[in-house]
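Heads up, run31.csv below (CSV, C-alpha atoms):
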```csv
chain,number,residue,atom,x,y,z
A,8,MET,CA,8.0,84.3,117.9
A,9,ASP,CA,11.4,85.6,119.1
A,10,ALA,CA,11.1,87.5,122.4
A,11,SER,CA,14.3,89.4,121.8
A,12,VAL,CA,12.7,91.2,118.9
A,13,THR,CA,9.9,92.6,121.2
A,14,ASP,CA,12.2,95.1,122.9
A,15,VAL,CA,13.6,96.3,119.6
A,16,ALA,CA,10.2,96.7,118.1
A,17,ILE,CA,8.9,98.6,121.1
A,18,GLN,CA,11.9,100.9,121.2
A,19,SER,CA,11.8,101.5,117.5
A,20,LEU,CA,8.0,102.1,117.2
A,21,ASN,CA,7.3,104.0,120.4
A,22,GLY,CA,6.9,107.7,119.6
A,23,MET,CA,7.2,107.1,115.8
A,24,GLU,CA,5.2,109.6,113.7
A,25,LEU,CA,2.5,107.9,111.7
A,26,GLY,CA,0.4,110.4,109.6
A,27,ASP,CA,-0.4,113.2,112.0
A,28,LYS,CA,-0.2,111.1,115.2
A,29,TYR,CA,2.6,109.6,117.3
A,30,LEU,CA,2.5,105.8,118.1
A,31,VAL,CA,2.5,104.7,121.8
A,32,VAL,CA,4.0,101.2,122.0
A,33,GLN,CA,4.6,99.3,125.2
A,34,CYS,CA,4.5,95.8,126.5
A,35,ALA,CA,1.0,94.7,127.5
A,36,SER,CA,0.6,94.5,131.2
A,37,VAL,CA,-2.3,94.4,133.6
A,38,SER,CA,-0.8,97.3,135.5
A,39,ALA,CA,0.2,99.3,132.5
A,40,LYS,CA,-1.7,102.5,132.5
A,41,PRO,CA,-1.2,105.8,130.6
A,42,GLY,CA,0.4,108.5,132.7
A,43,MET,CA,2.5,106.0,134.8
A,44,PRO,CA,5.8,107.7,136.0
A,45,ASN,CA,8.9,107.0,133.9
A,46,LEU,CA,11.2,104.2,135.0
A,47,PRO,CA,14.3,105.5,136.9
A,48,TYR,CA,16.7,104.6,134.1
A,49,ASP,CA,19.7,106.1,135.9
A,50,GLN,CA,19.2,103.4,138.7
A,51,PHE,CA,18.7,100.6,136.2
A,52,PRO,CA,21.2,101.1,133.3
A,53,GLU,CA,20.5,97.7,131.9
A,54,ILE,CA,16.9,98.8,131.0
A,55,PRO,CA,17.1,100.6,127.7
A,56,ARG,CA,15.3,104.0,127.5
A,57,PRO,CA,12.6,104.1,124.9
A,58,ILE,CA,14.0,105.7,121.7
A,59,MET,CA,12.4,109.1,121.3
A,60,PRO,CA,12.6,110.2,117.7
A,61,ALA,CA,12.9,113.8,116.9
A,62,GLY,CA,9.6,115.5,117.2
A,63,LYS,CA,8.0,117.9,114.6
A,64,SER,CA,9.5,121.0,116.2
A,65,ASN,CA,13.1,119.7,116.0
A,66,THR,CA,13.3,117.7,112.8
A,67,SER,CA,15.4,120.4,111.2
A,68,ASP,CA,18.4,119.3,113.3
A,69,ALA,CA,17.7,115.5,113.3
A,70,HIS,CA,20.7,114.4,111.4
A,71,ILE,CA,21.3,111.0,113.1
A,72,LEU,CA,19.8,108.0,111.4
A,73,LEU,CA,19.3,105.1,113.8
A,74,MET,CA,18.7,101.7,112.3
A,75,LEU,CA,17.6,98.6,114.2
A,76,ASN,CA,17.0,95.0,113.2
A,77,MET,CA,19.8,95.4,110.7
A,78,VAL,CA,22.6,93.5,112.5
A,79,THR,CA,22.8,91.0,115.3
A,80,PRO,CA,25.5,90.6,117.9
A,81,GLY,CA,26.6,87.5,116.1
A,82,ASP,CA,27.2,89.5,112.9
A,83,LEU,CA,29.7,91.8,114.8
A,84,VAL,CA,32.0,89.3,116.5
A,85,ASP,CA,34.3,88.5,113.6
A,86,ASP,CA,36.6,91.4,112.7
A,87,GLN,CA,36.5,90.8,109.0
A,88,GLU,CA,32.7,90.5,108.9
A,89,TYR,CA,32.4,93.6,111.1
A,90,GLY,CA,34.6,95.5,108.7
A,91,ASP,CA,32.6,94.4,105.7
A,92,ILE,CA,29.3,95.5,107.4
A,93,TYR,CA,30.8,98.8,108.5
A,94,GLU,CA,32.1,99.6,105.0
A,95,GLY,CA,28.8,98.4,103.3
A,96,VAL,CA,26.7,100.6,105.6
A,97,LYS,CA,29.0,103.6,105.1
A,98,GLU,CA,28.9,103.2,101.3
A,99,GLU,CA,25.1,102.8,101.2
A,100,CYS,CA,24.4,105.7,103.5
A,101,SER,CA,26.9,108.0,101.5
A,102,ARG,CA,24.5,107.7,98.6
A,103,TYR,CA,22.0,109.9,100.5
A,104,GLY,CA,24.5,112.6,101.6
A,105,ALA,CA,27.8,113.3,103.4
A,106,VAL,CA,28.3,111.0,106.4
A,107,GLU,CA,30.0,112.7,109.3
A,108,ASP,CA,30.3,109.6,111.5
A,109,LEU,CA,29.1,106.0,111.7
A,110,ARG,CA,29.0,103.8,114.8
A,111,ILE,CA,28.1,100.1,115.1
A,112,PRO,CA,28.6,99.1,118.7
A,113,ARG,CA,30.2,95.6,119.1
A,114,PRO,CA,29.4,92.9,121.7
A,115,VAL,CA,31.7,92.1,124.6
A,116,LYS,CA,34.2,89.4,123.5
A,117,LYS,CA,33.8,86.3,125.6
A,118,ASP,CA,37.0,84.9,127.2
A,119,LYS,CA,37.1,81.3,126.1
A,120,THR,CA,39.9,80.4,128.4
A,121,LYS,CA,37.5,80.8,131.4
A,122,PHE,CA,35.0,77.9,131.5
A,123,VAL,CA,32.1,78.4,133.8
A,124,ALA,CA,29.4,75.7,134.2
A,125,GLY,CA,25.9,75.5,135.4
A,126,GLU,CA,23.9,78.4,136.8
A,127,THR,CA,27.0,80.7,137.0
A,128,ALA,CA,27.5,80.3,133.2
A,129,PHE,CA,23.8,81.1,132.6
A,130,GLN,CA,24.0,84.2,134.8
A,131,SER,CA,27.3,85.2,133.1
A,132,ALA,CA,25.7,84.9,129.7
A,133,LEU,CA,22.7,87.0,130.8
A,134,ASP,CA,25.0,89.7,132.2
A,135,ALA,CA,27.0,89.8,129.0
A,136,GLN,CA,23.7,90.1,127.0
A,137,ARG,CA,22.5,92.9,129.2
A,138,ALA,CA,25.8,94.8,128.9
A,139,ASP,CA,25.6,94.4,125.1
A,140,LYS,CA,22.1,95.7,125.1
A,141,ALA,CA,22.9,98.7,127.3
A,142,ALA,CA,25.9,99.5,125.0
A,143,GLY,CA,23.6,99.7,121.9
A,144,VAL,CA,24.8,96.5,120.3
A,145,GLY,CA,22.6,95.6,117.4
A,146,ARG,CA,22.0,99.3,116.5
A,147,VAL,CA,23.5,101.2,113.6
A,148,TYR,CA,24.0,105.0,114.2
A,149,VAL,CA,24.7,107.1,111.1
A,150,LYS,CA,25.4,110.8,111.7
A,151,PHE,CA,24.9,112.9,108.5
A,152,ILE,CA,26.2,116.4,108.2
A,153,ASP,CA,22.8,117.6,106.9
A,154,ALA,CA,19.4,116.7,108.4
A,155,LEU,CA,17.8,116.5,104.9
A,156,ASP,CA,20.3,113.8,104.0
A,157,ALA,CA,19.3,111.8,107.2
A,158,GLN,CA,15.7,112.2,106.1
A,159,ALA,CA,16.6,110.9,102.6
A,160,GLY,CA,18.4,107.9,104.2
A,161,LEU,CA,15.4,107.2,106.4
A,162,LYS,CA,13.0,107.2,103.5
A,163,ALA,CA,15.2,105.0,101.4
A,164,LEU,CA,16.3,102.5,104.1
A,165,ALA,CA,13.4,102.1,106.5
A,166,GLY,CA,11.6,98.8,105.7
A,167,CYS,CA,14.3,97.6,103.3
A,168,SER,CA,15.6,94.1,103.8
A,169,PHE,CA,19.2,93.6,105.0
A,170,THR,CA,20.3,89.9,105.2
A,171,GLY,CA,16.7,88.8,105.4
A,172,ARG,CA,15.7,91.3,108.2
A,173,SER,CA,13.5,94.3,107.7
A,174,ILE,CA,15.2,97.5,108.8
A,175,ILE,CA,13.4,99.6,111.4
A,176,ALA,CA,14.7,103.2,111.3
A,177,THR,CA,14.1,106.7,112.8
A,178,VAL,CA,16.0,110.0,112.9
A,179,LEU,CA,17.3,111.5,116.1
A,180,ASN,CA,18.9,114.8,117.0
A,181,GLU,CA,21.7,115.3,119.5
A,182,ASP,CA,19.2,115.8,122.4
A,183,SER,CA,17.2,112.6,121.7
A,184,GLN,CA,17.1,110.3,124.8
A,185,THR,CA,18.5,106.9,124.1
A,186,THR,CA,20.4,104.2,126.0
A,187,PRO,CA,23.3,104.5,125.7
A,188,PRO,CA,23.3,108.3,125.4
A,189,LEU,CA,24.3,109.6,121.9
A,190,ASN,CA,27.3,111.5,123.4
A,191,LEU,CA,28.7,108.1,124.5
A,192,ILE,CA,27.9,106.5,121.1
A,193,PHE,CA,29.7,109.3,119.2
A,194,ALA,CA,32.6,109.7,121.7
A,195,LEU,CA,36.0,110.1,120.0
A,196,GLN,CA,37.6,106.9,118.8
A,197,PRO,CA,40.4,105.9,116.4
A,198,ASP,CA,39.7,105.9,112.6
A,199,ALA,CA,39.9,102.1,112.5
A,200,PRO,CA,36.9,100.0,113.6
A,201,PRO,CA,37.2,99.3,117.3
A,202,PRO,CA,38.4,95.8,118.4
A,203,LEU,CA,36.1,93.7,120.4
A,204,PRO,CA,36.2,94.4,124.2
A,205,PHE,CA,37.0,91.6,126.6
A,206,SER,CA,34.7,90.6,129.4
```

Written form, structure tokens:
Amino acid sequence: MDASVTDVAIQSLNGMELGDKYLVVQCASVSAKPGMPNLPYDQFPEIPRPIMPAGKSNTSDAHILLMLNMVTPGDLVDDQEYGDIYEGVKEECSRYGAVEDLRIPRPVKKDKTKFVAGETAFQSALDAQRADKAAGVGRVYVKFIDALDAQAGLKALAGCSFTGRSIIATVLNEDSQTTPPLNLIFALQPDAPPPLPFS
């Protein structure tokens, strides 16, 4: 029903372990064939990389819990609401083990003093939406100290309802390929939640 959920579902489910198999999830297309070369993500940063969860061989160091469909960009605009979500997620995840870091990327703040009309406004809104998507807005990244705690968080939270939305979750390790890269998500920042960036 909502086309914006399709990309989230594909990113979340592709490569997910189900029983003793790994799911392959992609958009249906006449030209989509197995074995097609990977998209040149470096040339198209607005196209998110598929989220590749930690495979069987490296789950021992998969200590990052990634949750999708938990928050929307609209939930993250107001500083107070963002702070409440941040503290709520931190408190809930701390029930499963020691949380080393928590990141919830925020959307680009729109400058309301600049009024743009017509096609330019539409393109501007699309550009802002793409920038937010490329920055990981709408995802919740929880870095646990111990991988077993991340697994416990995954088992407890995947499929749970958060404000009427069912959480999609996976565990990642430091080498997992995501857009944006995990080293950017977990770059050093002040202790306080970050303010909204201006466009």

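Restricting the calculation to all atoms listed in the file, the smallest distance between Val149 of chain A and any of A:Pro188, A:Gly22, A:Gly104, A:Pro80 is found for A:Gly104.
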
Hey, can you check how far atom CA of Leu75 of chain A sits from atom CA of Ser131 of chain A?
25.1 Å

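Straight-line separation from atom CA of Ala163 of chain A to atom CA of Ala142 of chain A: 26.5 Å.
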
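Between Leu83 of chain A and the residues A:Ala16, A:Val32, A:Val147, A:Ala141, the shortest atom-to-atom distance, using only C-alpha atoms, involves A:Val147.
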
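The smallest atom-to-atom distance between Phe169 of chain A and any of A:Met77, A:Val96, A:Ile192, A:Leu155, using only C-alpha atoms, is found for A:Met77.
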